[in-house]
Amino acid sequence: MAQPPICPRCGHYVPSDVEPGVGPGVPSMSVSADLDSIMVCMPCGWHEAWQHAQGELGTPGSWPLVVPERFYKGLGSC
Ligand SMILES: [Zn+2]
């Protein structure tokens with residue numbers, strides 16, 4: 001078994017800590033416009049969508065960053 005991939009944005013597993021290495025993760029919204037997509041974990045995908053809605057979406061220059069715990073707690077419950 002290879003080591004599960006690590007999210008470059010928050011340092012958690014991709015696609016999630018619950019199922020590390022199961023599935024590809026999601027392409028980061030922060031870089032898809034001008035670079036090859038970077039795969040981030042599911043909570044980061046939700047966090048980026050939330051930040052984007054707030055007009056606060058950052059760039060990979062600010063990574064790694066802390067994602068609020070509530071984005072991780074959403075895993076597996078919806
Ligand atoms: Zn992440």
# chains A, B, ... in the order shown; residues from 1 in each chain; ligands from 1
>>> residues_near_ligand(ligand="ligand 1", cutoff="7 Å", atoms="only C-alpha atoms and all ligand atoms", output="list in words")
Cys7, Pro8, Arg9, Cys10, Gly11, His12, Val40, Cys41, Met42, Pro43 and Cys44 of chain A
>>> closest_atom_pairs(of="range 22-42 of chain A", to="range 53-72 of chain A", cutoff="10 Å", atoms="only C-alpha atoms", output="tab-separated table")
residue	atom	partner	partner_atom	distance
A:Ser28	CA	A:Pro60	CA	9.3
A:Met29	CA	A:Leu57	CA	8.4
A:Ser30	CA	A:Thr59	CA	5.5
A:Val31	CA	A:Thr59	CA	7.2
A:Ile38	CA	A:Pro60	CA	9.6
A:Cys41	CA	A:Tyr72	CA	9.8
A:Met42	CA	A:Tyr72	CA	8.4
>>> write_last_selection(atoms="N, CA and C atoms", output="mmCIF file, in the first residue's frame")
data_model
loop_
_atom_site.group_PDB
_atom_site.id
_atom_site.type_symbol
_atom_site.label_atom_id
_atom_site.label_comp_id
_atom_site.auth_asym_id
_atom_site.auth_seq_id
_atom_site.Cartn_x
_atom_site.Cartn_y
_atom_site.Cartn_z
ATOM 1 N N SER A 28 -8.495 22.013 -6.715
ATOM 2 C CA SER A 28 -8.562 23.274 -5.981
ATOM 3 C C SER A 28 -9.129 24.386 -6.853
ATOM 4 N N MET A 29 -10.034 25.158 -6.292
ATOM 5 C CA MET A 29 -10.585 26.316 -7.002
ATOM 6 C C MET A 29 -9.556 27.438 -7.093
ATOM 7 N N SER A 30 -8.514 27.381 -6.257
ATOM 8 C CA SER A 30 -7.561 28.493 -6.176
ATOM 9 C C SER A 30 -6.624 28.549 -7.359
ATOM 10 N N VAL A 31 -6.451 27.418 -8.053
ATOM 11 C CA VAL A 31 -5.425 27.370 -9.092
ATOM 12 C C VAL A 31 -5.955 26.929 -10.450
ATOM 13 N N ILE A 38 -4.605 21.310 -8.806
ATOM 14 C CA ILE A 38 -4.018 20.663 -7.639
ATOM 15 C C ILE A 38 -5.160 20.000 -6.887
ATOM 16 N N CYS A 41 -8.217 17.993 -0.414
ATOM 17 C CA CYS A 41 -9.161 17.105 0.255
ATOM 18 C C CYS A 41 -10.587 17.643 0.165
ATOM 19 N N MET A 42 -11.542 16.790 0.480
ATOM 20 C CA MET A 42 -12.951 17.193 0.402
ATOM 21 C C MET A 42 -13.258 18.409 1.289
#
>>> select_by_dssp(residues="chain A", states="alpha helix (DSSP H)", output="short mmCIF file (atom, residue, chain, number, x, y, z; two decimals) with N, CA and C atoms, in the first residue's frame")
data_model
loop_
_atom_site.label_atom_id
_atom_site.label_comp_id
_atom_site.auth_asym_id
_atom_site.auth_seq_id
_atom_site.Cartn_x
_atom_site.Cartn_y
_atom_site.Cartn_z
N MET A 42 -11.54 16.79 0.48
CA MET A 42 -12.95 17.19 0.40
C MET A 42 -13.26 18.41 1.29
N PRO A 43 -12.82 18.40 2.56
CA PRO A 43 -13.11 19.59 3.39
C PRO A 43 -12.53 20.87 2.79
N CYS A 44 -11.35 20.79 2.16
CA CYS A 44 -10.81 21.99 1.53
C CYS A 44 -11.68 22.41 0.34
N GLY A 45 -12.21 21.44 -0.39
CA GLY A 45 -13.11 21.79 -1.48
C GLY A 45 -14.31 22.56 -0.98
N TRP A 46 -14.87 22.10 0.15
CA TRP A 46 -16.02 22.81 0.73
C TRP A 46 -15.59 24.16 1.27
N HIS A 47 -14.41 24.20 1.91
CA HIS A 47 -13.92 25.45 2.47
C HIS A 47 -13.65 26.47 1.38
N GLU A 48 -13.08 26.01 0.26
CA GLU A 48 -12.81 26.93 -0.85
C GLU A 48 -14.11 27.47 -1.43
N ALA A 49 -15.11 26.60 -1.57
CA ALA A 49 -16.40 27.06 -2.09
C ALA A 49 -17.00 28.10 -1.15
N TRP A 50 -16.86 27.85 0.14
CA TRP A 50 -17.37 28.80 1.13
C TRP A 50 -16.60 30.12 1.06
N GLN A 51 -15.26 30.03 1.00
CA GLN A 51 -14.45 31.25 0.90
C GLN A 51 -14.76 32.01 -0.39
N HIS A 52 -14.94 31.26 -1.47
CA HIS A 52 -15.24 31.88 -2.75
C HIS A 52 -16.55 32.68 -2.66
N ALA A 53 -17.53 32.10 -1.98
CA ALA A 53 -18.82 32.78 -1.81
C ALA A 53 -18.67 34.04 -0.97
N GLN A 54 -17.67 34.05 -0.07
CA GLN A 54 -17.41 35.22 0.77
C GLN A 54 -16.52 36.24 0.07
N GLU A 69 -12.76 23.48 11.86
CA GLU A 69 -13.09 22.10 12.19
C GLU A 69 -14.44 21.66 11.63
N ARG A 70 -15.36 22.58 11.51
CA ARG A 70 -16.71 22.18 11.06
C ARG A 70 -16.70 21.60 9.65
N PHE A 71 -15.70 21.97 8.85
CA PHE A 71 -15.65 21.42 7.48
C PHE A 71 -15.25 19.94 7.51
N TYR A 72 -14.47 19.56 8.51
CA TYR A 72 -14.11 18.14 8.64
C TYR A 72 -15.25 17.35 9.26
N LYS A 73 -15.98 17.96 10.15
CA LYS A 73 -17.08 17.25 10.82
C LYS A 73 -18.22 16.95 9.88
#
>>> atom_distance(atom1="CA of Gly25 in chain A", atom2="CA of Ile6 in chain A")
10.0 Å
>>> select_by_dssp(residues="chain A", states="strand (DSSP E)", output="number ranges by chain")
A: 26-27, 39-40
